[in-house]
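Okay, model12.txt is below, compact mmCIF, C-alpha atoms and all ligand atoms:
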# COMPACT_ATOMS: atom_id res chain seq x y z
CA MET S 580 2.75 -7.00 -4.77
CA ALA S 581 2.76 -10.41 -3.08
CA GLY S 582 2.50 -12.19 -6.43
CA THR S 583 5.29 -10.15 -7.96
CA LEU S 584 7.57 -10.65 -4.95
CA ILE S 585 7.31 -14.41 -5.06
CA GLU S 586 7.97 -14.40 -8.80
CA ILE S 587 11.04 -12.23 -8.33
CA ALA S 588 12.31 -14.57 -5.58
CA ARG S 589 11.58 -17.80 -7.45
CA HIS S 590 12.53 -16.79 -10.99
CA THR S 591 14.23 -13.42 -11.44
CA LEU S 592 16.71 -13.69 -8.57
CA SER S 593 17.25 -17.43 -8.59
CA GLY S 594 20.92 -18.14 -9.24
CA GLU S 595 21.95 -14.51 -8.67
CA PHE S 596 23.49 -15.03 -5.21
CA ARG S 597 26.31 -17.28 -4.09
CA ARG S 598 25.33 -17.51 -0.44
CA ILE S 599 21.57 -17.57 -0.39
CA ASP S 600 18.92 -19.25 -2.45
CA PRO S 601 16.15 -16.69 -3.10
CA ARG S 602 13.81 -19.53 -4.11
CA GLN S 603 13.55 -20.43 -0.42
CA ALA S 604 12.00 -17.03 0.36
CA LYS S 605 8.52 -17.23 1.85
CA VAL S 606 5.93 -14.60 0.99
CA VAL S 607 3.08 -14.36 3.51
CA LEU S 608 0.14 -12.10 2.75
CA LEU S 609 -1.71 -10.93 5.87
CA GLU S 610 -5.15 -9.56 5.06
CA GLY S 611 -7.36 -8.08 7.76
CA SER S 612 -10.69 -8.79 6.06
CA ASP S 613 -12.02 -12.23 5.21
CA ARG S 614 -10.96 -12.05 1.55
CA VAL S 615 -8.30 -10.48 -0.67
CA LEU S 616 -9.18 -7.64 -3.08
CA ALA S 617 -12.28 -6.72 -1.10
CA ALA S 618 -13.28 -4.09 -3.67
CA TYR S 619 -14.03 -6.94 -6.10
CA PRO S 620 -16.99 -9.35 -5.94
CA PRO S 621 -16.42 -12.43 -3.70
CA ASP S 622 -16.00 -14.86 -6.63
CA LEU S 623 -13.16 -12.76 -8.12
CA SER S 624 -11.58 -12.43 -4.66
CA GLU S 625 -11.57 -16.21 -4.45
CA LYS S 626 -10.02 -16.46 -7.94
CA ALA S 627 -7.34 -13.98 -6.86
CA ARG S 628 -6.63 -16.01 -3.71
CA THR S 629 -6.36 -19.26 -5.69
CA GLN S 630 -3.95 -17.66 -8.16
CA LEU S 631 -1.79 -16.28 -5.35
CA VAL S 632 -1.65 -19.68 -3.64
CA LYS S 633 -0.74 -21.29 -6.97
CA LEU S 634 2.17 -18.87 -7.30
CA GLY S 635 3.34 -19.94 -3.82
CA VAL S 636 2.06 -17.09 -1.63
CA ASP S 637 0.86 -18.07 1.85
CA VAL S 638 -2.44 -16.15 2.03
CA ARG S 639 -3.78 -15.58 5.57
CA THR S 640 -7.08 -13.74 5.55
CA GLY S 641 -8.80 -12.54 8.73
CA SER S 642 -5.37 -11.58 10.07
CA ARG S 643 -5.10 -8.11 11.59
CA VAL S 644 -1.59 -6.82 12.15
CA THR S 645 -1.10 -5.43 15.66
CA ASP S 646 2.63 -4.74 15.78
CA ILE S 647 5.71 -4.69 13.56
CA ASP S 648 9.33 -4.55 14.67
CA GLU S 649 12.65 -5.33 13.01
CA GLU S 650 12.34 -9.05 13.67
CA CYS S 651 8.68 -9.94 13.41
CA VAL S 652 5.10 -9.07 12.66
CA ARG S 653 2.44 -9.76 15.30
CA TYR S 654 -1.13 -10.28 14.25
CA THR S 655 -4.44 -11.56 15.53
CA GLY S 656 -5.64 -14.38 13.34
CA LYS S 657 -8.14 -17.21 13.47
CA ASP S 658 -5.95 -18.93 16.10
CA GLY S 659 -5.51 -15.85 18.28
CA GLU S 660 -2.28 -13.89 18.75
CA GLN S 661 0.41 -14.94 16.27
CA ARG S 662 4.06 -14.03 15.77
CA LEU S 663 5.58 -14.23 12.32
CA ALA S 664 9.37 -13.93 12.18
CA SER S 665 10.30 -11.61 9.32
CA ARG S 666 12.87 -8.95 8.58
CA THR S 667 11.18 -7.77 5.42
CA VAL S 668 7.73 -6.29 5.88
CA ILE S 669 5.83 -4.37 3.24
CA TRP S 670 2.89 -2.39 4.56
CA SER S 671 0.23 -1.66 1.97
CA ALA S 672 -2.92 -1.08 3.98
CA GLY S 673 -4.14 2.14 2.44
CA VAL S 674 -2.83 5.59 1.79
CA ALA S 675 -3.56 8.95 3.42
CA ALA S 676 -4.50 12.06 1.49
CA SER S 677 -2.06 14.95 1.04
CA SER S 678 -1.75 17.17 4.12
CA LEU S 679 -2.71 20.09 1.88
CA GLY S 680 -6.33 19.31 2.75
CA LYS S 681 -5.77 20.58 6.30
CA ALA S 682 -5.01 24.07 4.94
CA LEU S 683 -8.62 24.39 3.81
CA ASN S 684 -9.87 24.44 7.42
CA VAL S 685 -12.82 22.16 6.71
CA PRO S 686 -13.66 18.89 8.47
CA LEU S 687 -11.76 16.03 6.81
CA ASP S 688 -12.67 12.34 6.67
CA ARG S 689 -10.66 9.53 8.33
CA ALA S 690 -8.19 9.35 5.42
CA GLY S 691 -7.66 13.12 5.48
CA ARG S 692 -9.79 13.72 2.37
CA VAL S 693 -11.91 16.82 1.83
CA PRO S 694 -15.66 16.15 1.55
CA VAL S 695 -16.96 17.87 -1.60
CA GLY S 696 -20.42 18.51 -2.99
CA GLY S 697 -21.82 17.14 -6.24
CA GLU S 698 -20.12 19.85 -8.32
CA LEU S 699 -16.77 19.04 -6.60
CA SER S 700 -16.49 22.30 -4.66
CA ILE S 701 -16.29 22.77 -0.91
CA PRO S 702 -19.65 23.46 0.74
CA GLY S 703 -20.06 27.24 1.04
CA HIS S 704 -17.22 27.90 -1.42
CA PRO S 705 -18.37 27.33 -5.02
CA GLU S 706 -15.05 28.79 -6.22
CA VAL S 707 -12.86 26.18 -4.44
CA PHE S 708 -12.68 22.75 -6.10
CA VAL S 709 -11.06 19.61 -4.71
CA ILE S 710 -10.56 16.64 -7.03
CA GLY S 711 -8.78 13.30 -7.29
CA ASP S 712 -7.40 11.46 -4.29
CA LEU S 713 -7.80 14.50 -2.05
CA ALA S 714 -11.58 14.63 -2.59
CA ALA S 715 -14.10 12.53 -0.68
CA ALA S 716 -16.66 12.64 -3.50
CA THR S 717 -19.79 10.59 -4.02
CA SER S 718 -21.57 9.65 -7.21
CA ASP S 719 -25.04 8.09 -7.17
CA GLY S 720 -24.74 7.92 -3.39
CA LYS S 721 -21.61 5.74 -3.55
CA PRO S 722 -18.08 6.86 -2.62
CA VAL S 723 -15.90 7.52 -5.66
CA PRO S 724 -12.81 5.24 -5.55
CA GLY S 725 -9.31 6.75 -5.37
CA VAL S 726 -8.20 5.66 -8.82
CA SER S 727 -6.80 7.60 -11.76
CA PRO S 728 -9.86 7.35 -14.08
CA ALA S 729 -11.94 8.97 -11.32
CA ALA S 730 -9.30 11.71 -10.84
CA LYS S 731 -9.23 12.42 -14.59
CA GLN S 732 -13.02 12.53 -14.84
CA MET S 733 -13.19 14.89 -11.85
CA GLY S 734 -10.57 17.12 -13.49
CA ARG S 735 -12.73 17.53 -16.58
CA VAL S 736 -15.89 18.30 -14.60
CA ALA S 737 -14.05 20.78 -12.33
CA ALA S 738 -12.59 22.57 -15.39
CA ARG S 739 -16.04 22.87 -16.95
CA ASN S 740 -17.44 24.10 -13.62
CA VAL S 741 -14.76 26.80 -13.36
CA LEU S 742 -15.77 28.04 -16.84
CA ALA S 743 -19.46 27.82 -15.89
CA HIS S 744 -18.76 29.78 -12.71
CA MET S 745 -16.99 32.52 -14.73
CA ALA S 746 -19.84 32.65 -17.25
CA GLY S 747 -22.41 32.87 -14.44
CA LYS S 748 -23.94 29.52 -15.48
CA ALA S 749 -25.07 26.65 -13.25
CA PRO S 750 -22.36 24.03 -12.46
CA GLU S 751 -22.78 20.39 -13.46
CA ASN S 752 -22.83 17.50 -11.01
CA PHE S 753 -20.08 14.90 -11.09
CA VAL S 754 -21.14 11.40 -12.16
CA TYR S 755 -18.42 8.74 -12.02
CA LYS S 756 -18.28 6.45 -15.04
CA ASP S 757 -16.80 3.14 -13.91
CA TYR S 758 -15.21 1.48 -16.96
CA GLY S 759 -14.11 -1.53 -14.93
CA SER S 760 -11.34 -2.74 -12.64
CA LEU S 761 -8.29 -4.84 -13.29
CA ALA S 762 -5.79 -6.30 -10.86
CA THR S 763 -2.72 -8.17 -11.95
CA ILE S 764 -1.53 -10.89 -9.58
CA GLY S 765 1.47 -12.28 -11.41
CA ARG S 766 2.54 -13.88 -14.63
CA LYS S 767 -0.58 -14.99 -16.50
CA ALA S 768 -2.63 -14.28 -13.37
CA ALA S 769 -5.11 -11.43 -12.97
CA VAL S 770 -8.74 -10.64 -12.28
CA ALA S 771 -10.93 -8.34 -14.38
CA MET S 772 -14.33 -6.77 -14.04
CA VAL S 773 -15.74 -4.83 -17.01
CA GLY S 774 -19.40 -3.94 -16.59
CA LYS S 775 -21.18 -7.21 -15.85
CA LEU S 776 -18.34 -9.25 -17.32
CA LYS S 777 -16.02 -10.93 -14.82
CA PHE S 778 -13.01 -13.04 -15.77
CA SER S 779 -9.69 -14.18 -14.36
CA GLY S 780 -6.44 -16.04 -15.09
CA TYR S 781 -4.65 -15.81 -18.44
CA PRO S 782 -7.44 -13.97 -20.37
CA ALA S 783 -7.62 -11.31 -17.63
CA TRP S 784 -3.84 -10.94 -17.65
CA LEU S 785 -3.76 -10.55 -21.46
CA PHE S 786 -6.56 -8.00 -21.20
CA TRP S 787 -4.59 -6.11 -18.52
CA LEU S 788 -1.54 -6.00 -20.82
CA PHE S 789 -3.62 -4.79 -23.75
CA VAL S 790 -5.35 -2.03 -21.74
CA HIS S 791 -2.07 -0.71 -20.34
CA VAL S 792 -0.37 -0.58 -23.72
CA TYR S 793 -3.49 0.93 -25.34
CA PHE S 794 -3.60 3.84 -22.88
CA LEU S 795 0.06 4.76 -23.38
CA ILE S 796 0.58 7.91 -25.42
CA GLY S 797 2.51 7.60 -28.67
CA PHE S 798 3.57 4.71 -30.86
CA ARG S 799 7.18 4.86 -29.62
CA ASN S 800 6.12 4.40 -25.97
CA ARG S 801 3.84 1.52 -26.85
CA LEU S 802 6.54 -0.21 -28.87
CA MET S 803 9.14 0.25 -26.14
CA VAL S 804 6.86 -1.05 -23.38
CA MET S 805 5.79 -4.04 -25.48
CA THR S 806 9.42 -4.90 -26.28
CA ASP S 807 10.36 -4.53 -22.61
CA TRP S 808 7.47 -6.72 -21.43
CA ALA S 809 8.07 -9.35 -24.11
CA TRP S 810 11.74 -9.56 -23.03
CA ALA S 811 10.75 -9.84 -19.35
CA TYR S 812 8.12 -12.46 -20.20
CA LEU S 813 10.42 -14.65 -22.29
CA THR S 814 13.54 -14.41 -20.14
CA PHE S 815 12.07 -13.87 -16.63
CA LYS S 816 14.63 -11.04 -16.39
CA ARG S 817 13.99 -7.49 -15.24
CA SER S 818 16.17 -4.72 -16.57
CA ALA S 819 16.93 -3.13 -13.16
CA ARG S 820 18.94 -4.52 -10.25
CA VAL S 821 19.78 -2.93 -6.92
CA ILE S 822 22.95 -4.37 -5.47
CA SER S 823 23.80 -3.43 -1.92
CA SER S 824 26.71 -4.59 0.20
CA ALA S 825 25.62 -6.49 3.29
CA ILE S 826 28.18 -5.10 5.73
CA ASN S 827 27.79 -6.18 9.38
CA THR S 828 25.27 -8.91 8.62
CA PRO S 829 26.17 -12.46 9.65
CA ARG S 830 27.06 -14.49 6.60
CA ALA S 831 25.32 -17.77 6.03
CA LYS S 832 27.37 -20.85 5.18
CA PRO S 833 28.17 -20.69 1.48
CA ARG S 834 25.93 -23.01 -0.48
CA ASP S 835 28.22 -23.47 -3.42
CA GLU S 836 31.55 -23.76 -1.64
CA ALA S 837 33.11 -27.06 -0.65
CA PRO S 838 32.90 -27.83 3.08
CA THR S 839 36.07 -27.06 5.02
CA GLN S 840 38.16 -30.18 5.65
C1 LIG Z 901 0.97 2.25 -5.22
C2 LIG Z 901 -0.23 2.79 -5.95
C3 LIG Z 901 -0.73 2.10 -7.02
C4 LIG Z 901 -1.82 2.59 -7.72
N1 LIG Z 901 -2.29 1.88 -8.78
C5 LIG Z 901 -3.33 2.35 -9.48
C6 LIG Z 901 -3.79 1.64 -10.62
O1 LIG Z 901 -3.27 0.60 -10.99
N2 LIG Z 901 -4.86 2.14 -11.28
C7 LIG Z 901 -5.45 3.30 -10.90
O2 LIG Z 901 -6.39 3.73 -11.56
N3 LIG Z 901 -5.04 4.00 -9.83
C8 LIG Z 901 -3.99 3.55 -9.10
N4 LIG Z 901 -3.54 4.24 -8.01
C9 LIG Z 901 -4.26 5.46 -7.60
C10 LIG Z 901 -3.88 6.63 -8.49
O3 LIG Z 901 -2.46 6.77 -8.53
C11 LIG Z 901 -4.49 7.89 -7.93
O4 LIG Z 901 -5.89 7.70 -7.76
C12 LIG Z 901 -4.29 9.07 -8.85
O5 LIG Z 901 -2.92 9.30 -9.08
C13 LIG Z 901 -4.93 10.32 -8.23
O6 LIG Z 901 -4.57 11.44 -8.96
P1 LIG Z 901 -4.42 12.83 -8.24
O7 LIG Z 901 -4.11 13.81 -9.33
O8 LIG Z 901 -5.60 13.07 -7.37
O9 LIG Z 901 -3.20 12.68 -7.24
P2 LIG Z 901 -1.67 12.41 -7.54
O10 LIG Z 901 -1.48 11.65 -8.79
O11 LIG Z 901 -1.13 11.88 -6.27
O12 LIG Z 901 -1.09 13.87 -7.79
C14 LIG Z 901 -1.02 14.84 -6.77
C15 LIG Z 901 0.24 15.65 -7.01
O13 LIG Z 901 0.21 16.77 -6.14
C16 LIG Z 901 1.49 16.96 -5.60
N5 LIG Z 901 1.35 17.69 -4.34
C17 LIG Z 901 0.93 17.22 -3.12
N6 LIG Z 901 0.93 18.22 -2.22
C18 LIG Z 901 1.33 19.34 -2.88
C19 LIG Z 901 1.53 20.69 -2.50
N7 LIG Z 901 1.34 21.08 -1.24
N8 LIG Z 901 1.94 21.55 -3.44
C20 LIG Z 901 2.14 21.16 -4.71
N9 LIG Z 901 1.99 19.90 -5.13
C21 LIG Z 901 1.59 19.00 -4.23
C22 LIG Z 901 2.02 15.56 -5.42
O14 LIG Z 901 3.43 15.56 -5.36
C23 LIG Z 901 1.50 14.87 -6.69
O15 LIG Z 901 2.39 15.01 -7.77
C24 LIG Z 901 -2.43 3.80 -7.31
C25 LIG Z 901 -1.93 4.48 -6.21
C26 LIG Z 901 -0.84 3.99 -5.54
C27 LIG Z 901 -0.30 4.76 -4.35

Let me see the file written as structure tokens.
Amino acid sequence: MAGTLIEIARHTLSGEFRRIDPRQAKVVLLEGSDRVLAAYPPDLSEKARTQLVKLGVDVRTGSRVTDIDEECVRYTGKDGEQRLASRTVIWSAGVAASSLGKALNVPLDRAGRVPVGGELSIPGHPEVFVIGDLAAATSDGKPVPGVSPAAKQMGRVAARNVLAHMAGKAPENFVYKDYGSLATIGRKAAVAMVGKLKFSGYPAWLFWLFVHVYFLIGFRNRLMVMTDWAWAYLTFKRSARVISSAINTPRAKPRDEAPTQ
């Protein structure tokens, strides 16, 4: 998100406004832990940080946000309490599970997820299955991440277990197959982890593109996405724009108008 925002400000929107210069926008990434992308190994986190800095993002790790209002963000960083003036704040520190979980009347975890057993059903209720983001499942003793491959794999196992239940057979246990993780940071910048293989930068970004196109259904979709991406890559343009009128906001001195005599 931070990488994309700075690219939009520096490239996509540059020259689109008469009164402001979007290239002057600052993007500050506040990260509570001591490294970005904490789900990745430390060396890939460091690669991600370097790529973000190269794009122009001000990365501040070890910075825990304590308050946000319409004019600033307050956080506790390495130098104590800090105030960062900002009118645009994007909060991305985790998601909560659907409130549907509460209807099951079972103890939920901190994120509101339903703890499930190995066969993905609720303890004491072999006929009730919870899968995907709503399930707090474990595989080989490790928590299953809230990502779509895990949700799809759980769906298949739950379906087979429903059939097994109906046939009076024993259910199977869920084992998460981790095919790897990819995170895109910006243009030609990404990190990738596939099995023991770890790579970053342009190769990881190309791999990310390939994987996303490969998993699209249908030739037409693939062709359209590739054409769209190629256009965006070559021209720095995005096909969508949201234009809003800034009524009641003080207007800055026009950059491209001659000073009043
Ligand atoms: C911003 C963002 C980026 C992500 N990026 C990635 C990524 O790059 N790669 C990746 O693998 N994963 C990514 N994920 C995670 C991924 O989207 C989820 O893990 C995946 O969608 C989980 O699937 P699911 O079927 O459990 O839940 P969902 O896809 O959320 O589907 C649940 C559905 O249930 C509906 N619903 C909720 N409550 C009710 C109700 N009471 N009645 C009826 N319907 C209801 C919801 O509207 C929703 O359509 C991302 C998630 C977010 C938020």

Subject >> Selection: 9 Å around Thr583 of chain S, only C-alpha atoms, excl. self and same-chain fewer than 2 positions, as a count of residues only >> reply: 9

With a distance cut-off of 12 Å and only C-alpha atoms, select the neighbouring residues of Glu625 of chain S, excluding the residue or stretch itself and same-chain residues fewer than 3 positions from it, and output the selection as a PDB file with C-alpha atoms, in the coordinates of the input.
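This is the output file around_22.pdb:
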ATOM      1  CA  ASP S 613     -12.020 -12.230   5.210  1.00  0.00           C
ATOM      2  CA  ARG S 614     -10.960 -12.050   1.550  1.00  0.00           C
ATOM      3  CA  VAL S 615      -8.300 -10.480  -0.670  1.00  0.00           C
ATOM      4  CA  LEU S 616      -9.180  -7.640  -3.080  1.00  0.00           C
ATOM      5  CA  ALA S 617     -12.280  -6.720  -1.100  1.00  0.00           C
ATOM      6  CA  TYR S 619     -14.030  -6.940  -6.100  1.00  0.00           C
ATOM      7  CA  PRO S 620     -16.990  -9.350  -5.940  1.00  0.00           C
ATOM      8  CA  PRO S 621     -16.420 -12.430  -3.700  1.00  0.00           C
ATOM      9  CA  ASP S 622     -16.000 -14.860  -6.630  1.00  0.00           C
ATOM     10  CA  ARG S 628      -6.630 -16.010  -3.710  1.00  0.00           C
ATOM     11  CA  THR S 629      -6.360 -19.260  -5.690  1.00  0.00           C
ATOM     12  CA  GLN S 630      -3.950 -17.660  -8.160  1.00  0.00           C
ATOM     13  CA  LEU S 631      -1.790 -16.280  -5.350  1.00  0.00           C
ATOM     14  CA  VAL S 632      -1.650 -19.680  -3.640  1.00  0.00           C
ATOM     15  CA  VAL S 638      -2.440 -16.150   2.030  1.00  0.00           C
ATOM     16  CA  THR S 640      -7.080 -13.740   5.550  1.00  0.00           C
ATOM     17  CA  ALA S 769      -5.110 -11.430 -12.970  1.00  0.00           C
ATOM     18  CA  VAL S 770      -8.740 -10.640 -12.280  1.00  0.00           C
ATOM     19  CA  PHE S 778     -13.010 -13.040 -15.770  1.00  0.00           C
ATOM     20  CA  SER S 779      -9.690 -14.180 -14.360  1.00  0.00           C
ATOM     21  CA  GLY S 780      -6.440 -16.040 -15.090  1.00  0.00           C
TER      22      GLY S 780
END

Enclose all atoms of segment 766-772 of chain S listed in the file in an axis-aligned box, grow every side by 3 Å, and hand back centre and edge lengths in Å to one decimal, as AutoDock Vina command-line options.
--center_x -5.9 --center_y -10.9 --center_z -14.4 --size_x 22.9 --size_y 14.2 --size_z 10.2

**OP:** Rounded to one decimal place, report the atom CA of Leu608 of chain S-atom C25 of ligand LIG 901 (chain Z) distance in Å.
**Re:**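 Separation of atom CA of Leu608 of chain S and atom C25 of ligand LIG 901 (chain Z): 19.0 Å.
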
Subject >> Interatomic distance (Å, one decimal) between atom CA of Gln661 of chain S and atom CA of Gly582 of chain S >> reply: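 That distance, rounded to one decimal, is 23.0 Å.
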
Subject >> Spatial neighbours of Lys816 of chain S, max dist 10 Å, all atoms listed in the file, sep filter under 3 positions, as a list in words >> reply: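 Contacts, with the query itself left out: Ile587, His590, Thr591, Leu592, Asp807, Trp808, Trp810, Ala811, Tyr812, Leu813, Ala819 and Arg820 of chain S.
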
Counting only C-alpha atoms and all ligand atoms, give me one row per residue of chain S with an atom at most 6 Å from an atom of ligand LIG 901 (chain Z), showing the shortest contact pair and its distance in Å to one decimal, sorted by chain then residue number, as JSON lines.
{"residue": "S:Ser677", "atom": "CA", "partner": "Z:LIG901", "partner_atom": "N6", "distance": 5.5}
{"residue": "S:Leu679", "atom": "CA", "partner": "Z:LIG901", "partner_atom": "N7", "distance": 5.2}
{"residue": "S:Gly711", "atom": "CA", "partner": "Z:LIG901", "partner_atom": "O8", "distance": 3.2}
{"residue": "S:Asp712", "atom": "CA", "partner": "Z:LIG901", "partner_atom": "O8", "distance": 3.9}
{"residue": "S:Leu713", "atom": "CA", "partner": "Z:LIG901", "partner_atom": "O8", "distance": 5.9}
{"residue": "S:Gly725", "atom": "CA", "partner": "Z:LIG901", "partner_atom": "O4", "distance": 4.3}
{"residue": "S:Val726", "atom": "CA", "partner": "Z:LIG901", "partner_atom": "O4", "distance": 3.3}
{"residue": "S:Ser727", "atom": "CA", "partner": "Z:LIG901", "partner_atom": "O2", "distance": 3.9}
{"residue": "S:Pro728", "atom": "CA", "partner": "Z:LIG901", "partner_atom": "O2", "distance": 5.6}
{"residue": "S:Ala730", "atom": "CA", "partner": "Z:LIG901", "partner_atom": "O6", "distance": 5.1}

**OP:** Quote the spacing between atom CA of Ala809 of chain S and atom CA of Ser823 of chain S in Å to one decimal place.
**Re:**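 Result for atom CA of Ala809 of chain S versus atom CA of Ser823 of chain S: 27.8 Å, one decimal.
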
Write out, as CSV, each residue of segment 605-694 of chain S that has an atom at most 12 Å from segment 702-705 of chain S, together with the closest pair of atoms and their distance in Å to one decimal, counting all atoms listed in the file, rows going by chain and rising number.
residue,atom,partner,partner_atom,distance
S:Leu683,CA,S:His704,CA,10.7
S:Asn684,CA,S:Pro702,CA,11.9
S:Val685,CA,S:Pro702,CA,9.2
S:Pro686,CA,S:Pro702,CA,10.8
S:Val693,CA,S:Pro702,CA,10.3
S:Pro694,CA,S:Pro702,CA,8.4

Those selected residues, please, written with C-alpha atoms and delivered as a compact mmCIF listing (two decimals), keeping the file's coordinate frame.
# COMPACT_ATOMS: atom_id res chain seq x y z
CA LEU S 683 -8.62 24.39 3.81
CA ASN S 684 -9.87 24.44 7.42
CA VAL S 685 -12.82 22.16 6.71
CA PRO S 686 -13.66 18.89 8.47
CA VAL S 693 -11.91 16.82 1.83
CA PRO S 694 -15.66 16.15 1.55

**OP:** Excluding Val607 of chain S and any residue of its chain fewer than 3 positions from it, enumerate the residues within 10 Å of it, using only C-alpha atoms, and give them as a list in words.
**Re:**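 In the requested form, the answer reads Ala581, Ile585, Ala604, Glu610, Gly635, Val636, Asp637, Val638, Arg639, Leu663, Ser665 and Val668 of chain S.
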
Original post:
Which one is closest to Asp646 of chain S: S:Ala714, S:Lys633, S:Trp670, S:Tyr781? Count all atoms listed in the file.
Top reply: S:Trp670

Subject >> Option closest in space to Leu788 of chain S, from S:Val754, S:Val736, S:Ala762, S:Leu634 [counting all atoms listed in the file] >> reply: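 Looking only at the distances to Leu788 of chain S, the closest residue turns out to be S:Ala762.
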
Please list as a compact mmCIF listing (two decimals) with C-alpha atoms, in the coordinates of the input every residue within 8 Å of Ser593 of chain S, counting only C-alpha atoms and excluding residues in the same chain fewer than 6 positions away.
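Final output, result.txt:
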# COMPACT_ATOMS: atom_id res chain seq x y z
CA ASP S 600 18.92 -19.25 -2.45
CA PRO S 601 16.15 -16.69 -3.10
CA ARG S 602 13.81 -19.53 -4.11

Could you get me a file of segment 702-713 of chain S with N, CA, C and O atoms, as a short mmCIF file (atom, residue, chain, number, x, y, z; two decimals), in the first residue's frame, taken from the block above?
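Output contents, as saved in decode.cif:
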data_model
loop_
_atom_site.label_atom_id
_atom_site.label_comp_id
_atom_site.auth_asym_id
_atom_site.auth_seq_id
_atom_site.Cartn_x
_atom_site.Cartn_y
_atom_site.Cartn_z
N PRO S 702 -15.51 -28.04 18.33
CA PRO S 702 -15.44 -29.12 19.32
C PRO S 702 -16.84 -29.43 19.87
O PRO S 702 -17.60 -28.53 20.22
N GLY S 703 -17.19 -30.72 19.86
CA GLY S 703 -18.51 -31.13 20.35
C GLY S 703 -19.60 -31.10 19.29
O GLY S 703 -20.72 -31.55 19.53
N HIS S 704 -19.29 -30.52 18.12
CA HIS S 704 -20.27 -30.44 17.04
C HIS S 704 -19.62 -30.87 15.72
O HIS S 704 -19.26 -30.04 14.89
N PRO S 705 -19.52 -32.19 15.49
CA PRO S 705 -18.86 -32.65 14.26
C PRO S 705 -19.62 -32.27 13.00
O PRO S 705 -19.09 -32.39 11.89
N GLU S 706 -20.86 -31.78 13.15
CA GLU S 706 -21.66 -31.42 11.97
C GLU S 706 -21.56 -29.93 11.65
O GLU S 706 -22.10 -29.47 10.65
N VAL S 707 -20.83 -29.15 12.47
CA VAL S 707 -20.69 -27.71 12.20
C VAL S 707 -19.23 -27.40 11.83
O VAL S 707 -18.32 -27.58 12.63
N PHE S 708 -19.03 -26.93 10.59
CA PHE S 708 -17.68 -26.64 10.12
C PHE S 708 -17.46 -25.13 10.01
O PHE S 708 -18.38 -24.40 9.61
N VAL S 709 -16.28 -24.69 10.35
CA VAL S 709 -15.92 -23.28 10.16
C VAL S 709 -14.61 -23.25 9.39
O VAL S 709 -13.65 -23.93 9.76
N ILE S 710 -14.61 -22.50 8.29
CA ILE S 710 -13.40 -22.50 7.43
C ILE S 710 -13.02 -21.08 7.03
O ILE S 710 -13.78 -20.14 7.26
N GLY S 711 -11.86 -20.95 6.44
CA GLY S 711 -11.41 -19.65 5.91
C GLY S 711 -11.01 -18.69 7.02
O GLY S 711 -10.57 -19.09 8.10
N ASP S 712 -11.22 -17.42 6.75
CA ASP S 712 -10.80 -16.37 7.68
C ASP S 712 -11.51 -16.47 9.04
O ASP S 712 -11.00 -15.95 10.04
N LEU S 713 -12.67 -17.08 9.07
CA LEU S 713 -13.43 -17.15 10.32
C LEU S 713 -12.89 -18.25 11.24
O LEU S 713 -13.21 -18.28 12.43
#
